[in-house]
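Shown next: my_file-v2.pdb, given as PDB, C-alpha atoms.
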ATOM      1  CA  ARG T  25      47.688  22.182 -19.304  1.00  0.00           C
ATOM      2  CA  ILE T  26      50.826  20.284 -20.192  1.00  0.00           C
ATOM      3  CA  ASP T  27      52.373  17.564 -18.058  1.00  0.00           C
ATOM      4  CA  THR T  28      55.994  18.445 -17.266  1.00  0.00           C
ATOM      5  CA  ASP T  29      56.994  14.845 -18.043  1.00  0.00           C
ATOM      6  CA  GLU T  30      56.166  15.580 -21.687  1.00  0.00           C
ATOM      7  CA  VAL T  31      58.319  18.748 -21.927  1.00  0.00           C
ATOM      8  CA  SER T  32      61.765  18.112 -23.420  1.00  0.00           C
ATOM      9  CA  ARG T  33      63.080  21.667 -23.767  1.00  0.00           C
ATOM     10  CA  ILE T  34      62.193  25.239 -22.857  1.00  0.00           C
ATOM     11  CA  ASP T  35      63.562  28.202 -24.812  1.00  0.00           C
ATOM     12  CA  ALA T  36      63.314  31.873 -23.863  1.00  0.00           C
ATOM     13  CA  GLU T  37      61.917  34.277 -26.431  1.00  0.00           C
ATOM     14  CA  ARG T  38      62.043  37.721 -24.793  1.00  0.00           C
ATOM     15  CA  ASP T  39      59.204  37.773 -22.196  1.00  0.00           C
ATOM     16  CA  TYR T  40      57.855  34.474 -23.498  1.00  0.00           C
ATOM     17  CA  VAL T  41      58.935  30.848 -23.234  1.00  0.00           C
ATOM     18  CA  ARG T  42      58.515  28.147 -25.848  1.00  0.00           C
ATOM     19  CA  LEU T  43      57.759  24.681 -24.483  1.00  0.00           C
ATOM     20  CA  HIS T  44      58.841  21.822 -26.757  1.00  0.00           C
ATOM     21  CA  VAL T  45      56.527  18.847 -26.343  1.00  0.00           C
ATOM     22  CA  GLY T  46      57.192  16.049 -28.826  1.00  0.00           C
ATOM     23  CA  ASP T  47      56.713  17.441 -32.339  1.00  0.00           C
ATOM     24  CA  ARG T  48      54.778  20.462 -31.068  1.00  0.00           C
ATOM     25  CA  SER T  49      55.707  23.660 -29.288  1.00  0.00           C
ATOM     26  CA  TYR T  50      53.692  26.107 -27.210  1.00  0.00           C
ATOM     27  CA  LEU T  51      54.388  29.785 -26.565  1.00  0.00           C
ATOM     28  CA  LEU T  52      53.591  31.088 -23.073  1.00  0.00           C
ATOM     29  CA  LEU T  53      53.703  34.628 -21.725  1.00  0.00           C
ATOM     30  CA  GLN T  54      56.142  34.029 -18.894  1.00  0.00           C
ATOM     31  CA  THR T  55      59.831  34.614 -18.269  1.00  0.00           C
ATOM     32  CA  ILE T  56      62.229  31.686 -18.251  1.00  0.00           C
ATOM     33  CA  ALA T  57      63.355  32.616 -14.712  1.00  0.00           C
ATOM     34  CA  GLY T  58      59.760  32.550 -13.462  1.00  0.00           C
ATOM     35  CA  LEU T  59      59.113  29.184 -15.037  1.00  0.00           C
ATOM     36  CA  GLU T  60      62.413  27.755 -13.763  1.00  0.00           C
ATOM     37  CA  GLU T  61      61.310  28.449 -10.174  1.00  0.00           C
ATOM     38  CA  LYS T  62      58.236  26.258 -10.695  1.00  0.00           C
ATOM     39  CA  LEU T  63      60.077  23.289 -12.255  1.00  0.00           C
ATOM     40  CA  ASP T  64      61.395  20.275 -10.352  1.00  0.00           C
ATOM     41  CA  PRO T  65      65.213  20.660 -10.172  1.00  0.00           C
ATOM     42  CA  ASP T  66      65.540  16.860 -10.173  1.00  0.00           C
ATOM     43  CA  ALA T  67      63.879  16.719 -13.605  1.00  0.00           C
ATOM     44  CA  PHE T  68      65.088  19.915 -15.334  1.00  0.00           C
ATOM     45  CA  ILE T  69      68.372  21.794 -15.624  1.00  0.00           C
ATOM     46  CA  ARG T  70      69.167  25.210 -17.036  1.00  0.00           C
ATOM     47  CA  ILE T  71      72.111  25.030 -19.438  1.00  0.00           C
ATOM     48  CA  HIS T  72      72.023  28.560 -20.852  1.00  0.00           C
ATOM     49  CA  ARG T  73      70.352  31.855 -20.055  1.00  0.00           C
ATOM     50  CA  SER T  74      67.783  31.003 -22.694  1.00  0.00           C
ATOM     51  CA  THR T  75      67.506  27.189 -22.408  1.00  0.00           C
ATOM     52  CA  ILE T  76      66.199  24.686 -19.865  1.00  0.00           C
ATOM     53  CA  LEU T  77      66.330  20.955 -20.636  1.00  0.00           C
ATOM     54  CA  SER T  78      64.624  17.896 -19.271  1.00  0.00           C
ATOM     55  CA  LYS T  79      67.399  15.784 -17.748  1.00  0.00           C
ATOM     56  CA  ALA T  80      65.813  12.722 -19.386  1.00  0.00           C
ATOM     57  CA  THR T  81      66.655  14.118 -22.847  1.00  0.00           C
ATOM     58  CA  ILE T  82      70.386  14.511 -22.154  1.00  0.00           C
ATOM     59  CA  ALA T  83      72.620  11.804 -23.627  1.00  0.00           C
ATOM     60  CA  GLY T  84      75.951  13.300 -22.546  1.00  0.00           C
ATOM     61  CA  LEU T  85      78.367  16.211 -22.525  1.00  0.00           C
ATOM     62  CA  ARG T  86      80.910  17.136 -25.165  1.00  0.00           C
ATOM     63  CA  HIS T  87      83.990  19.323 -24.807  1.00  0.00           C
ATOM     64  CA  ASP T  88      84.356  21.416 -27.951  1.00  0.00           C
ATOM     65  CA  GLY T  89      87.702  22.946 -26.970  1.00  0.00           C
ATOM     66  CA  LEU T  90      88.755  26.313 -25.568  1.00  0.00           C
ATOM     67  CA  GLY T  91      86.443  25.926 -22.574  1.00  0.00           C
ATOM     68  CA  VAL T  92      83.327  25.431 -24.698  1.00  0.00           C
ATOM     69  CA  TRP T  93      81.006  22.576 -23.706  1.00  0.00           C
ATOM     70  CA  SER T  94      77.813  21.246 -25.281  1.00  0.00           C
ATOM     71  CA  VAL T  95      75.007  18.977 -24.178  1.00  0.00           C
ATOM     72  CA  GLU T  96      74.287  16.105 -26.546  1.00  0.00           C
ATOM     73  CA  MET T  97      70.600  15.320 -26.705  1.00  0.00           C
ATOM     74  CA  ASN T  98      69.042  11.892 -27.194  1.00  0.00           C
ATOM     75  CA  ASP T  99      67.911  12.980 -30.679  1.00  0.00           C
ATOM     76  CA  GLY T 100      71.499  13.858 -31.702  1.00  0.00           C
ATOM     77  CA  GLU T 101      71.160  17.627 -31.394  1.00  0.00           C
ATOM     78  CA  ALA T 102      73.933  19.477 -29.550  1.00  0.00           C
ATOM     79  CA  LEU T 103      73.235  22.609 -27.495  1.00  0.00           C
ATOM     80  CA  ARG T 104      75.938  24.887 -26.129  1.00  0.00           C
ATOM     81  CA  ILE T 105      76.217  25.253 -22.366  1.00  0.00           C
ATOM     82  CA  GLY T 106      76.591  28.795 -21.036  1.00  0.00           C
ATOM     83  CA  ARG T 107      79.669  29.480 -18.884  1.00  0.00           C
ATOM     84  CA  THR T 108      77.510  30.481 -15.927  1.00  0.00           C
ATOM     85  CA  TYR T 109      75.677  27.149 -15.965  1.00  0.00           C
ATOM     86  CA  LEU T 110      78.632  24.862 -16.766  1.00  0.00           C
ATOM     87  CA  PRO T 111      79.589  23.946 -13.159  1.00  0.00           C
ATOM     88  CA  LYS T 112      76.008  22.913 -12.348  1.00  0.00           C
ATOM     89  CA  VAL T 113      75.692  20.853 -15.545  1.00  0.00           C
ATOM     90  CA  LYS T 114      79.027  19.141 -14.907  1.00  0.00           C
ATOM     91  CA  ALA T 115      77.974  18.353 -11.322  1.00  0.00           C
ATOM     92  CA  MET T 116      74.760  16.785 -12.630  1.00  0.00           C
ATOM     93  CA  ALA T 117      76.803  14.639 -15.000  1.00  0.00           C
ATOM     94  CA  GLY T 118      79.205  13.643 -12.224  1.00  0.00           C
ATOM     95  CA  ARG T 119      82.261  15.395 -13.695  1.00  0.00           C
TER      96      ARG T 119
END
Rewrite the structure of this file - the entire thing - as structure tokens.
Amino acid sequence: RIDTDEVSRIDAERDYVRLHVGDRSYLLLQTIAGLEEKLDPDAFIRIHRSTILSKATIAGLRHDGLGVWSVEMNDGEALRIGRTYLPKVKAMAGR
């Protein structure tokens, strides 16, 4: 078992999900949609059809031009936000 407080990112890999926990990752046989239903919406947000992030790992949003937005992570990594999820991510950020 993994405490959700330790999960920073969840990536879809077909019918599996990869949980990123610190320097490690774990592969689970579950869909990202199924896992999203079980997560606390106050702690996690889906930014793309294949990515869910812990809100605690988000440093800010960046507009890349032409309607493209990215999430900047605390570790400096930038992840693109899917168009479908952009309004929800912007609402979380207060934009």
Atomic separation - CA of Leu51 in chain T relative to CA of Lys112 in chain T, Å | 26.8 Å
Length of the CA of Ile56 in chain T to CA of Ser74 in chain T vector [Å] = 7.1 Å
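Restricting the calculation to only C-alpha atoms, the smallest distance between Asp88 in chain T and any of T:Pro111, T:Ile76, T:Ala117, T:Ala102 is found for T:Ala102.
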Which residues, written as a PyMOL selection string, have at least one atom at most 6 Å from Trp93 in chain T, with all atoms listed in the file counted and residues fewer than 6 positions away on the same chain left out?
-> chain T and resi 86-87+105
Name the residues that the PyMOL selection byres ((chain T and resi 66) around 10) pulls out of this structure, and write them as a ChimeraX atom specification.
-> /T:63-65,67-69,78-79,116
Excluding Leu59 in chain T and residues on its chain fewer than 6 positions from it, collect all residues at most 12 Å away from it, counting only C-alpha atoms, and give them as a PyMOL selection string.
-> chain T and resi 28+34-36+39-43+52-53+65+68-70+74-76
Identify all residues satisfying the PyMOL selection byres ((chain T and resi 25) around 12) in the given file; provide them as a PyMOL selection string.
-> chain T and resi 26-31+43+45+50+52
Grab the CA of Ile82 in chain T to CA of Met97 in chain T distance for me, in Å with one decimal place.
-> 4.6 Å
Box along x, y and z, 8 Å on every side, all listed atoms of range 85-102 of chain T inside: centre and edge lengths in Å to one decimal, as JSON.
{"center_x": 78.3, "center_y": 19.1, "center_z": -27.1, "size_x": 36.8, "size_y": 30.4, "size_z": 25.2}
Could you pull the residues within 10 Å of Val95 in chain T, counting only C-alpha atoms, minus those fewer than 3 positions along the same chain, as a PyMOL selection string?
-> chain T and resi 71+77+81-87+98+100-105+113
Considering only C-alpha atoms, state which residue in the set T:Ser49, T:Lys62, T:Asp99, T:Ala57 is at the smallest distance from Ala80 in chain T.
-> T:Asp99
Please complete range 44-60 of chain T so it has N, CA, C and O atoms, and hand it over as a PDB file, in the frame of the given file.
ATOM      1  N   HIS T  44      58.757  22.835 -25.706  1.00  0.00           N
ATOM      2  CA  HIS T  44      58.841  21.822 -26.757  1.00  0.00           C
ATOM      3  C   HIS T  44      58.297  20.516 -26.190  1.00  0.00           C
ATOM      4  O   HIS T  44      58.846  19.971 -25.228  1.00  0.00           O
ATOM      5  N   VAL T  45      57.216  20.055 -26.793  1.00  0.00           N
ATOM      6  CA  VAL T  45      56.527  18.847 -26.343  1.00  0.00           C
ATOM      7  C   VAL T  45      56.372  17.940 -27.559  1.00  0.00           C
ATOM      8  O   VAL T  45      55.518  18.187 -28.412  1.00  0.00           O
ATOM      9  N   GLY T  46      57.226  16.927 -27.657  1.00  0.00           N
ATOM     10  CA  GLY T  46      57.192  16.049 -28.826  1.00  0.00           C
ATOM     11  C   GLY T  46      57.460  16.850 -30.087  1.00  0.00           C
ATOM     12  O   GLY T  46      58.419  17.611 -30.169  1.00  0.00           O
ATOM     13  N   ASP T  47      56.579  16.719 -31.072  1.00  0.00           N
ATOM     14  CA  ASP T  47      56.713  17.441 -32.339  1.00  0.00           C
ATOM     15  C   ASP T  47      56.068  18.821 -32.308  1.00  0.00           C
ATOM     16  O   ASP T  47      56.091  19.546 -33.301  1.00  0.00           O
ATOM     17  N   ARG T  48      55.492  19.186 -31.182  1.00  0.00           N
ATOM     18  CA  ARG T  48      54.778  20.462 -31.068  1.00  0.00           C
ATOM     19  C   ARG T  48      55.524  21.410 -30.150  1.00  0.00           C
ATOM     20  O   ARG T  48      56.370  20.996 -29.369  1.00  0.00           O
ATOM     21  N   SER T  49      55.178  22.684 -30.232  1.00  0.00           N
ATOM     22  CA  SER T  49      55.707  23.660 -29.288  1.00  0.00           C
ATOM     23  C   SER T  49      54.595  24.645 -28.930  1.00  0.00           C
ATOM     24  O   SER T  49      53.670  24.874 -29.715  1.00  0.00           O
ATOM     25  N   TYR T  50      54.708  25.193 -27.725  1.00  0.00           N
ATOM     26  CA  TYR T  50      53.692  26.107 -27.210  1.00  0.00           C
ATOM     27  C   TYR T  50      54.383  27.355 -26.683  1.00  0.00           C
ATOM     28  O   TYR T  50      55.395  27.261 -25.991  1.00  0.00           O
ATOM     29  N   LEU T  51      53.833  28.509 -26.997  1.00  0.00           N
ATOM     30  CA  LEU T  51      54.388  29.785 -26.565  1.00  0.00           C
ATOM     31  C   LEU T  51      53.573  30.297 -25.388  1.00  0.00           C
ATOM     32  O   LEU T  51      52.345  30.409 -25.466  1.00  0.00           O
ATOM     33  N   LEU T  52      54.258  30.593 -24.272  1.00  0.00           N
ATOM     34  CA  LEU T  52      53.591  31.088 -23.073  1.00  0.00           C
ATOM     35  C   LEU T  52      54.143  32.458 -22.696  1.00  0.00           C
ATOM     36  O   LEU T  52      55.344  32.699 -22.820  1.00  0.00           O
ATOM     37  N   LEU T  53      53.280  33.318 -22.209  1.00  0.00           N
ATOM     38  CA  LEU T  53      53.703  34.628 -21.725  1.00  0.00           C
ATOM     39  C   LEU T  53      54.214  34.464 -20.298  1.00  0.00           C
ATOM     40  O   LEU T  53      53.450  34.496 -19.339  1.00  0.00           O
ATOM     41  N   GLN T  54      55.497  34.200 -20.191  1.00  0.00           N
ATOM     42  CA  GLN T  54      56.142  34.029 -18.894  1.00  0.00           C
ATOM     43  C   GLN T  54      57.649  34.101 -19.120  1.00  0.00           C
ATOM     44  O   GLN T  54      58.143  33.704 -20.171  1.00  0.00           O
ATOM     45  N   THR T  55      58.379  34.579 -18.133  1.00  0.00           N
ATOM     46  CA  THR T  55      59.831  34.614 -18.269  1.00  0.00           C
ATOM     47  C   THR T  55      60.407  33.237 -17.962  1.00  0.00           C
ATOM     48  O   THR T  55      59.800  32.448 -17.238  1.00  0.00           O
ATOM     49  N   ILE T  56      61.590  32.973 -18.491  1.00  0.00           N
ATOM     50  CA  ILE T  56      62.229  31.686 -18.251  1.00  0.00           C
ATOM     51  C   ILE T  56      62.619  31.552 -16.774  1.00  0.00           C
ATOM     52  O   ILE T  56      62.536  30.462 -16.207  1.00  0.00           O
ATOM     53  N   ALA T  57      63.000  32.647 -16.135  1.00  0.00           N
ATOM     54  CA  ALA T  57      63.355  32.616 -14.712  1.00  0.00           C
ATOM     55  C   ALA T  57      62.136  32.271 -13.859  1.00  0.00           C
ATOM     56  O   ALA T  57      62.230  31.478 -12.917  1.00  0.00           O
ATOM     57  N   GLY T  58      60.990  32.839 -14.196  1.00  0.00           N
ATOM     58  CA  GLY T  58      59.760  32.550 -13.462  1.00  0.00           C
ATOM     59  C   GLY T  58      59.338  31.104 -13.606  1.00  0.00           C
ATOM     60  O   GLY T  58      58.900  30.466 -12.638  1.00  0.00           O
ATOM     61  N   LEU T  59      59.476  30.576 -14.801  1.00  0.00           N
ATOM     62  CA  LEU T  59      59.113  29.184 -15.037  1.00  0.00           C
ATOM     63  C   LEU T  59      60.105  28.240 -14.363  1.00  0.00           C
ATOM     64  O   LEU T  59      59.718  27.213 -13.807  1.00  0.00           O
ATOM     65  N   GLU T  60      61.384  28.595 -14.380  1.00  0.00           N
ATOM     66  CA  GLU T  60      62.413  27.755 -13.763  1.00  0.00           C
ATOM     67  C   GLU T  60      62.132  27.540 -12.282  1.00  0.00           C
ATOM     68  O   GLU T  60      62.344  26.443 -11.753  1.00  0.00           O
TER      69      GLU T  60
END
